[in-house]
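Beneath this line is the structure, given in structure tokens, with notes to follow.
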Amino acid sequence: MVTHEHEAPLRLLQDNPKLATELYCGLLGQRLPDYTSVKEGSEAMTRSDKPDKRDCDNLDIYYQDEKPVFALIVEVQRAESEDKHFSWPDYLIAVRSRLRCPVALVVICPDEKTAKWAMAPIETGHVGFTLVPFVIGPDLIPVVTHPAEVRGCEQMALLSAMAHGGGDAGVEVIEALWGVLVELPEHLKVKYTRIASNTLSDKALERLEAAIMTDTAHRVTFIDRLEAQGEARGEARGQAQGESRMLLRILEKRGIAVDAAAEERITSCTDLDQLDRWGDRALEIERIEELFD
């Protein structure tokens with residue numbers, strides 16, 4: 001499933017590999033081996049003997065000179081999915097086999113319920129081979145209240161705004177985000193403005209608009225951009241909601257049982273092309289799991 005909320009953390013990871021390191025070491029308290037460089041790896045997890053296509057969300061590879069010494073898989077998970085209990089161990093094995101180095105899995109969850117589910121040990125059936133993912137829920141994402149706190153890893157300010165921008169410390173968090181945004185290169189300023197307008201809660205967006213009202217040097221172009229993107233987002237959401245309702249009706253008419261996780265996955269999807277593909281598949285499947293294969 002492709003949604004703005006799913007894609008946003010991945011875009012930030014691709015912009016700055018240091019963010020993955022900060023998630024693994026700074027937030028989770030883990031240690032990395034000595035390394036000299038970090039490069040983005042291929043997300044393709046499909047092996048030649050497997051006909052089904054599988055991709056992880058993000059892969060960063062740590063090198064000592066030219067030799068891989070560690071790999072970090074980052075997944076963004078917005079709802080419970082039994083499929084992940086099979087694909088996540090497969091990702092680790094595929095990367096370890098390909099790179100011949102240790103591998104770890106980090107799962108980012110935007111809500112506590114999904115985070116709690118993702119933390120559960122995954123029993124593979126082999127003695128001693130139990131996967132316990134590293135999970136980052138909202139409670140682990142720092143409450144960033146000043147731009148200086150994230151210097152060198154400015155993307156963390158946007159993650160903080162997504163997690164806490166509507167909460168009790170939201171005003172300070174949003175002001176810190178604004179302080180980061182105005183200092184970024186123009187292409188990142190535009191990109192992160194788009195991400196903010198598509199992912200922040202309504203309350204957080206109101207706070208962002210309020211924060212920039214006193215900045216006469218930037219506020220006009222910034223607010224215009226937010227308003228234009230907000231209108232486009234509203235139109236896209238309206239179309240997606242109509243498509244998802246129709247998809248659920250098709251499944252109901254065909255007698256396909258839809259559990260809460262599947263319904264959430266369908267109704268939260270804003271990708272019209274994905275909804276169209278699911279709509280075509282809904283005419284042929286026998287179980288709801290087949291819709292997402």
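For the structure tokens, the naming scheme is as follows: chains receive sequential letters (A, B, ...) according to their order of presentation, residues are indexed from 1 within each chain, and ligands are indexed from 1 in presentation order.
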Per-residue nearest contacts region 7-124 of chain A to region 261-274 of chain A, cut-off 9 Å, using only C-alpha atoms, as a tab-separated table:
residue	atom	partner	partner_atom	distance
A:Arg78	CA	A:Arg265	CA	8.1
A:Ala79	CA	A:Ala261	CA	6.1
A:Glu80	CA	A:Ala261	CA	5.9
A:Ser81	CA	A:Ala261	CA	7.1
Between CA of Leu12 (chain A) and CA of Gln155 (chain A), what is the distance in Å, rounded to a tenth?
5.9 Å
List the neighbours of Val74 (chain A) out to 9 Å using only C-alpha atoms; skip same-chain residues closer than 2 positions along the sequence, and give me the result as a PyMOL selection string.
chain A and resi 10+13+20+56-60+72+76+104-108
Among the residues A:Ala204, A:Ile61, A:Val103, A:Val143, the one that comes closest to Ala169 (chain A) [using only C-alpha atoms]
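Comparing A:Ala204, A:Ile61, A:Val103, A:Val143 against Ala169 (chain A), the winner is A:Val143.
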Selection: 8 Å around His4 (chain A), only C-alpha atoms, excl. self and same-chain fewer than 5 positions, as JSON, numbers by chain:
{"A": [195, 198, 199, 270]}
Export, as a compact mmCIF listing (two decimals), in the first residue's frame, the selected residues with N, CA and C atoms.
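Generated output (selection-v3.txt):
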# COMPACT_ATOMS: atom_id res chain seq x y z
N ILE A 195 5.59 17.27 2.04
CA ILE A 195 5.41 16.16 2.98
C ILE A 195 4.61 16.61 4.20
N ASN A 198 0.93 16.95 3.54
CA ASN A 198 0.25 15.69 3.28
C ASN A 198 0.20 14.76 4.49
N THR A 199 1.01 15.02 5.51
CA THR A 199 1.10 14.05 6.61
C THR A 199 0.78 14.62 7.99
N THR A 270 -4.49 6.18 -0.22
CA THR A 270 -4.81 7.36 -1.03
C THR A 270 -4.26 7.25 -2.45
Exercise: region 29-33 of chain A partners within 10 Å, only C-alpha atoms, chain neighbours under 4 positions left out, as a ChimeraX atom specification
/A:21-25,62-64,69-72,102,134
List every residue of region 10-97 of chain A that DSSP, applied to the backbone of this structure, assigns to helix (DSSP H, G or I), and report them as a PDB file with N, CA and C atoms, in the first residue's frame.
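Printed below is selection-v4.pdb as written:
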ATOM      1  N   LEU A  10      10.241   7.247   4.460  1.00  0.00           N
ATOM      2  CA  LEU A  10      11.177   6.651   3.506  1.00  0.00           C
ATOM      3  C   LEU A  10      11.877   7.717   2.683  1.00  0.00           C
ATOM      4  N   ARG A  11      11.145   8.772   2.302  1.00  0.00           N
ATOM      5  CA  ARG A  11      11.770   9.874   1.565  1.00  0.00           C
ATOM      6  C   ARG A  11      12.831  10.556   2.436  1.00  0.00           C
ATOM      7  N   LEU A  12      12.548  10.683   3.724  1.00  0.00           N
ATOM      8  CA  LEU A  12      13.511  11.309   4.628  1.00  0.00           C
ATOM      9  C   LEU A  12      14.752  10.448   4.789  1.00  0.00           C
ATOM     10  N   LEU A  13      14.567   9.136   4.864  1.00  0.00           N
ATOM     11  CA  LEU A  13      15.707   8.223   4.971  1.00  0.00           C
ATOM     12  C   LEU A  13      16.576   8.278   3.719  1.00  0.00           C
ATOM     13  N   GLN A  14      15.948   8.397   2.570  1.00  0.00           N
ATOM     14  CA  GLN A  14      16.703   8.461   1.318  1.00  0.00           C
ATOM     15  C   GLN A  14      17.473   9.773   1.194  1.00  0.00           C
ATOM     16  N   ASP A  15      16.932  10.835   1.763  1.00  0.00           N
ATOM     17  CA  ASP A  15      17.610  12.131   1.694  1.00  0.00           C
ATOM     18  C   ASP A  15      18.844  12.180   2.588  1.00  0.00           C
ATOM     19  N   LYS A  18      22.060   9.397   7.492  1.00  0.00           N
ATOM     20  CA  LYS A  18      22.341   9.577   8.907  1.00  0.00           C
ATOM     21  C   LYS A  18      21.078   9.371   9.748  1.00  0.00           C
ATOM     22  N   LEU A  19      19.898   9.564   9.134  1.00  0.00           N
ATOM     23  CA  LEU A  19      18.657   9.372   9.870  1.00  0.00           C
ATOM     24  C   LEU A  19      18.505   7.917  10.293  1.00  0.00           C
ATOM     25  N   ALA A  20      18.840   6.963   9.424  1.00  0.00           N
ATOM     26  CA  ALA A  20      18.756   5.547   9.782  1.00  0.00           C
ATOM     27  C   ALA A  20      19.683   5.234  10.954  1.00  0.00           C
ATOM     28  N   THR A  21      20.876   5.815  10.925  1.00  0.00           N
ATOM     29  CA  THR A  21      21.817   5.620  12.026  1.00  0.00           C
ATOM     30  C   THR A  21      21.265   6.194  13.322  1.00  0.00           C
ATOM     31  N   GLU A  22      20.647   7.356  13.241  1.00  0.00           N
ATOM     32  CA  GLU A  22      20.070   7.991  14.426  1.00  0.00           C
ATOM     33  C   GLU A  22      18.923   7.156  14.982  1.00  0.00           C
ATOM     34  N   LEU A  23      18.109   6.567  14.097  1.00  0.00           N
ATOM     35  CA  LEU A  23      17.015   5.712  14.551  1.00  0.00           C
ATOM     36  C   LEU A  23      17.571   4.486  15.285  1.00  0.00           C
ATOM     37  N   TYR A  24      18.579   3.869  14.695  1.00  0.00           N
ATOM     38  CA  TYR A  24      19.107   2.610  15.236  1.00  0.00           C
ATOM     39  C   TYR A  24      19.944   2.834  16.491  1.00  0.00           C
ATOM     40  N   CYS A  25      20.794   3.833  16.448  1.00  0.00           N
ATOM     41  CA  CYS A  25      21.699   4.081  17.579  1.00  0.00           C
ATOM     42  C   CYS A  25      21.100   5.068  18.582  1.00  0.00           C
ATOM     43  N   GLY A  26      20.646   6.233  18.082  1.00  0.00           N
ATOM     44  CA  GLY A  26      20.163   7.277  18.970  1.00  0.00           C
ATOM     45  C   GLY A  26      18.875   6.924  19.678  1.00  0.00           C
ATOM     46  N   LEU A  27      17.913   6.339  18.948  1.00  0.00           N
ATOM     47  CA  LEU A  27      16.606   6.049  19.550  1.00  0.00           C
ATOM     48  C   LEU A  27      16.536   4.649  20.147  1.00  0.00           C
ATOM     49  N   LYS A  84       3.659  -9.938   7.247  1.00  0.00           N
ATOM     50  CA  LYS A  84       4.973  -9.452   7.669  1.00  0.00           C
ATOM     51  C   LYS A  84       5.712 -10.466   8.536  1.00  0.00           C
ATOM     52  N   HIS A  85       4.976 -11.344   9.208  1.00  0.00           N
ATOM     53  CA  HIS A  85       5.625 -12.362  10.022  1.00  0.00           C
ATOM     54  C   HIS A  85       6.359 -13.390   9.161  1.00  0.00           C
ATOM     55  N   PHE A  86       6.071 -13.386   7.872  1.00  0.00           N
ATOM     56  CA  PHE A  86       6.770 -14.265   6.942  1.00  0.00           C
ATOM     57  C   PHE A  86       7.766 -13.496   6.080  1.00  0.00           C
ATOM     58  N   SER A  87       7.412 -12.277   5.675  1.00  0.00           N
ATOM     59  CA  SER A  87       8.309 -11.529   4.788  1.00  0.00           C
ATOM     60  C   SER A  87       9.485 -10.910   5.544  1.00  0.00           C
ATOM     61  N   TRP A  88       9.296 -10.456   6.789  1.00  0.00           N
ATOM     62  CA  TRP A  88      10.397  -9.828   7.521  1.00  0.00           C
ATOM     63  C   TRP A  88      11.579 -10.785   7.745  1.00  0.00           C
ATOM     64  N   PRO A  89      11.349 -12.023   8.216  1.00  0.00           N
ATOM     65  CA  PRO A  89      12.505 -12.937   8.321  1.00  0.00           C
ATOM     66  C   PRO A  89      13.156 -13.195   6.960  1.00  0.00           C
ATOM     67  N   ASP A  90      12.334 -13.248   5.927  1.00  0.00           N
ATOM     68  CA  ASP A  90      12.857 -13.480   4.580  1.00  0.00           C
ATOM     69  C   ASP A  90      13.761 -12.333   4.142  1.00  0.00           C
ATOM     70  N   TYR A  91      13.386 -11.090   4.476  1.00  0.00           N
ATOM     71  CA  TYR A  91      14.214  -9.933   4.130  1.00  0.00           C
ATOM     72  C   TYR A  91      15.603 -10.055   4.767  1.00  0.00           C
ATOM     73  N   LEU A  92      15.612 -10.393   6.055  1.00  0.00           N
ATOM     74  CA  LEU A  92      16.889 -10.497   6.765  1.00  0.00           C
ATOM     75  C   LEU A  92      17.793 -11.565   6.146  1.00  0.00           C
ATOM     76  N   ILE A  93      17.186 -12.707   5.839  1.00  0.00           N
ATOM     77  CA  ILE A  93      17.973 -13.797   5.261  1.00  0.00           C
ATOM     78  C   ILE A  93      18.492 -13.407   3.877  1.00  0.00           C
ATOM     79  N   ALA A  94      17.642 -12.766   3.084  1.00  0.00           N
ATOM     80  CA  ALA A  94      18.042 -12.393   1.726  1.00  0.00           C
ATOM     81  C   ALA A  94      19.196 -11.395   1.744  1.00  0.00           C
ATOM     82  N   VAL A  95      19.110 -10.387   2.620  1.00  0.00           N
ATOM     83  CA  VAL A  95      20.172  -9.374   2.678  1.00  0.00           C
ATOM     84  C   VAL A  95      21.455  -9.981   3.243  1.00  0.00           C
ATOM     85  N   ARG A  96      21.309 -10.792   4.275  1.00  0.00           N
ATOM     86  CA  ARG A  96      22.501 -11.427   4.874  1.00  0.00           C
ATOM     87  C   ARG A  96      23.198 -12.316   3.865  1.00  0.00           C
ATOM     88  N   SER A  97      22.423 -13.057   3.086  1.00  0.00           N
ATOM     89  CA  SER A  97      23.004 -13.941   2.083  1.00  0.00           C
ATOM     90  C   SER A  97      23.666 -13.151   0.965  1.00  0.00           C
TER      91      SER A  97
END
Find the residues around region 282-289 of chain A up to 10 Å (only C-alpha atoms counted), leave out those fewer than 2 positions away in its own chain, and share them as a VMD selection string.
chain A and resid 81 to 83 247 to 248 250 to 251 254 to 259 262 to 263 276 to 280 291 to 293
Selection from above, C-alpha atoms, as an mmCIF file, in the first residue's frame, can you write it?
data_model
loop_
_atom_site.group_PDB
_atom_site.id
_atom_site.type_symbol
_atom_site.label_atom_id
_atom_site.label_comp_id
_atom_site.auth_asym_id
_atom_site.auth_seq_id
_atom_site.Cartn_x
_atom_site.Cartn_y
_atom_site.Cartn_z
ATOM 1 C CA SER A 81 -0.374 -7.681 8.812
ATOM 2 C CA GLU A 82 0.216 -11.402 9.251
ATOM 3 C CA ASP A 83 2.163 -11.374 5.974
ATOM 4 C CA LEU A 247 -13.996 -1.736 -3.146
ATOM 5 C CA LEU A 248 -15.470 -2.663 0.239
ATOM 6 C CA ILE A 250 -17.538 -5.356 -4.011
ATOM 7 C CA LEU A 251 -15.918 -7.510 -1.336
ATOM 8 C CA ARG A 254 -18.829 -11.382 -3.090
ATOM 9 C CA GLY A 255 -18.982 -12.626 0.492
ATOM 10 C CA ILE A 256 -15.306 -11.940 1.215
ATOM 11 C CA ALA A 257 -14.774 -11.434 4.948
ATOM 12 C CA VAL A 258 -12.840 -8.212 5.649
ATOM 13 C CA ASP A 259 -11.127 -7.974 9.031
ATOM 14 C CA ALA A 262 -7.699 -5.104 5.970
ATOM 15 C CA GLU A 263 -10.451 -2.484 6.191
ATOM 16 C CA ASP A 276 -7.926 0.358 -9.029
ATOM 17 C CA ARG A 277 -5.618 -2.683 -8.962
ATOM 18 C CA TRP A 278 -7.272 -3.934 -5.789
ATOM 19 C CA GLY A 279 -10.688 -3.370 -7.380
ATOM 20 C CA ASP A 280 -9.773 -5.582 -10.336
ATOM 21 C CA LEU A 291 -6.110 -8.907 -2.306
ATOM 22 C CA PHE A 292 -2.755 -7.681 -1.018
ATOM 23 C CA ASP A 293 -0.499 -10.388 -2.515
#
Grab the CA of Leu188 (chain A) to CA of Lys39 (chain A) distance for me, in Å with one decimal place.
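Rounded to one decimal, the two atoms are 19.8 Å apart.
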I'd like the contact shell of Pro142 (chain A) - 12 Å cut-off, only C-alpha atoms, skipping same-chain residues fewer than 6 positions apart - returned as a PDB file with N, CA and C atoms, in the first residue's frame.
ATOM      1  N   GLU A  22      20.647   7.356  13.241  1.00  0.00           N
ATOM      2  CA  GLU A  22      20.070   7.991  14.426  1.00  0.00           C
ATOM      3  C   GLU A  22      18.923   7.156  14.982  1.00  0.00           C
ATOM      4  N   LEU A  23      18.109   6.567  14.097  1.00  0.00           N
ATOM      5  CA  LEU A  23      17.015   5.712  14.551  1.00  0.00           C
ATOM      6  C   LEU A  23      17.571   4.486  15.285  1.00  0.00           C
ATOM      7  N   GLY A  26      20.646   6.233  18.082  1.00  0.00           N
ATOM      8  CA  GLY A  26      20.163   7.277  18.970  1.00  0.00           C
ATOM      9  C   GLY A  26      18.875   6.924  19.678  1.00  0.00           C
ATOM     10  N   LEU A  27      17.913   6.339  18.948  1.00  0.00           N
ATOM     11  CA  LEU A  27      16.606   6.049  19.550  1.00  0.00           C
ATOM     12  C   LEU A  27      16.536   4.649  20.147  1.00  0.00           C
ATOM     13  N   LEU A  28      17.164   3.679  19.490  1.00  0.00           N
ATOM     14  CA  LEU A  28      17.065   2.299  19.959  1.00  0.00           C
ATOM     15  C   LEU A  28      18.248   1.882  20.834  1.00  0.00           C
ATOM     16  N   ILE A 136      10.037   1.313  16.457  1.00  0.00           N
ATOM     17  CA  ILE A 136       9.978   2.713  16.859  1.00  0.00           C
ATOM     18  C   ILE A 136       8.538   3.187  16.723  1.00  0.00           C
ATOM     19  N   GLU A 149      18.649  20.959  18.059  1.00  0.00           N
ATOM     20  CA  GLU A 149      18.631  19.587  18.542  1.00  0.00           C
ATOM     21  C   GLU A 149      18.824  18.579  17.411  1.00  0.00           C
ATOM     22  N   VAL A 150      18.539  18.982  16.180  1.00  0.00           N
ATOM     23  CA  VAL A 150      18.592  18.031  15.062  1.00  0.00           C
ATOM     24  C   VAL A 150      19.560  18.489  13.983  1.00  0.00           C
ATOM     25  N   GLN A 155      15.905  15.969   9.211  1.00  0.00           N
ATOM     26  CA  GLN A 155      14.706  15.187   8.901  1.00  0.00           C
ATOM     27  C   GLN A 155      13.995  14.715  10.166  1.00  0.00           C
ATOM     28  N   MET A 156      14.732  14.614  11.270  1.00  0.00           N
ATOM     29  CA  MET A 156      14.120  14.193  12.527  1.00  0.00           C
ATOM     30  C   MET A 156      13.075  15.206  13.005  1.00  0.00           C
ATOM     31  N   ALA A 157      13.251  16.469  12.652  1.00  0.00           N
ATOM     32  CA  ALA A 157      12.269  17.478  13.043  1.00  0.00           C
ATOM     33  C   ALA A 157      10.922  17.211  12.410  1.00  0.00           C
ATOM     34  N   LEU A 158      10.926  16.720  11.175  1.00  0.00           N
ATOM     35  CA  LEU A 158       9.662  16.414  10.508  1.00  0.00           C
ATOM     36  C   LEU A 158       9.033  15.151  11.082  1.00  0.00           C
ATOM     37  N   LEU A 159       9.850  14.149  11.389  1.00  0.00           N
ATOM     38  CA  LEU A 159       9.320  12.959  12.062  1.00  0.00           C
ATOM     39  C   LEU A 159       8.696  13.341  13.402  1.00  0.00           C
ATOM     40  N   SER A 160       9.359  14.240  14.124  1.00  0.00           N
ATOM     41  CA  SER A 160       8.837  14.692  15.410  1.00  0.00           C
ATOM     42  C   SER A 160       7.502  15.412  15.237  1.00  0.00           C
ATOM     43  N   ALA A 161       7.404  16.229  14.202  1.00  0.00           N
ATOM     44  CA  ALA A 161       6.152  16.951  13.946  1.00  0.00           C
ATOM     45  C   ALA A 161       5.028  15.996  13.592  1.00  0.00           C
ATOM     46  N   MET A 162       5.339  14.937  12.836  1.00  0.00           N
ATOM     47  CA  MET A 162       4.318  13.940  12.505  1.00  0.00           C
ATOM     48  C   MET A 162       3.801  13.244  13.759  1.00  0.00           C
ATOM     49  N   ALA A 163       4.722  12.947  14.680  1.00  0.00           N
ATOM     50  CA  ALA A 163       4.346  12.200  15.876  1.00  0.00           C
ATOM     51  C   ALA A 163       3.748  13.081  16.964  1.00  0.00           C
ATOM     52  N   HIS A 164       4.244  14.321  17.108  1.00  0.00           N
ATOM     53  CA  HIS A 164       3.899  15.135  18.276  1.00  0.00           C
ATOM     54  C   HIS A 164       3.330  16.516  17.940  1.00  0.00           C
ATOM     55  N   GLY A 165       3.219  16.838  16.655  1.00  0.00           N
ATOM     56  CA  GLY A 165       2.779  18.185  16.275  1.00  0.00           C
ATOM     57  C   GLY A 165       1.382  18.548  16.728  1.00  0.00           C
ATOM     58  N   ALA A 169       2.953  19.322  23.437  1.00  0.00           N
ATOM     59  CA  ALA A 169       4.138  20.132  23.124  1.00  0.00           C
ATOM     60  C   ALA A 169       4.168  20.539  21.656  1.00  0.00           C
ATOM     61  N   VAL A 173       7.101  22.053  19.017  1.00  0.00           N
ATOM     62  CA  VAL A 173       7.580  21.116  17.996  1.00  0.00           C
ATOM     63  C   VAL A 173       7.427  21.712  16.605  1.00  0.00           C
TER      64      VAL A 173
END
State, in Å with one decimal place, the distance from CA of Pro147 (chain A) to CA of Ala176 (chain A).
5.1 Å
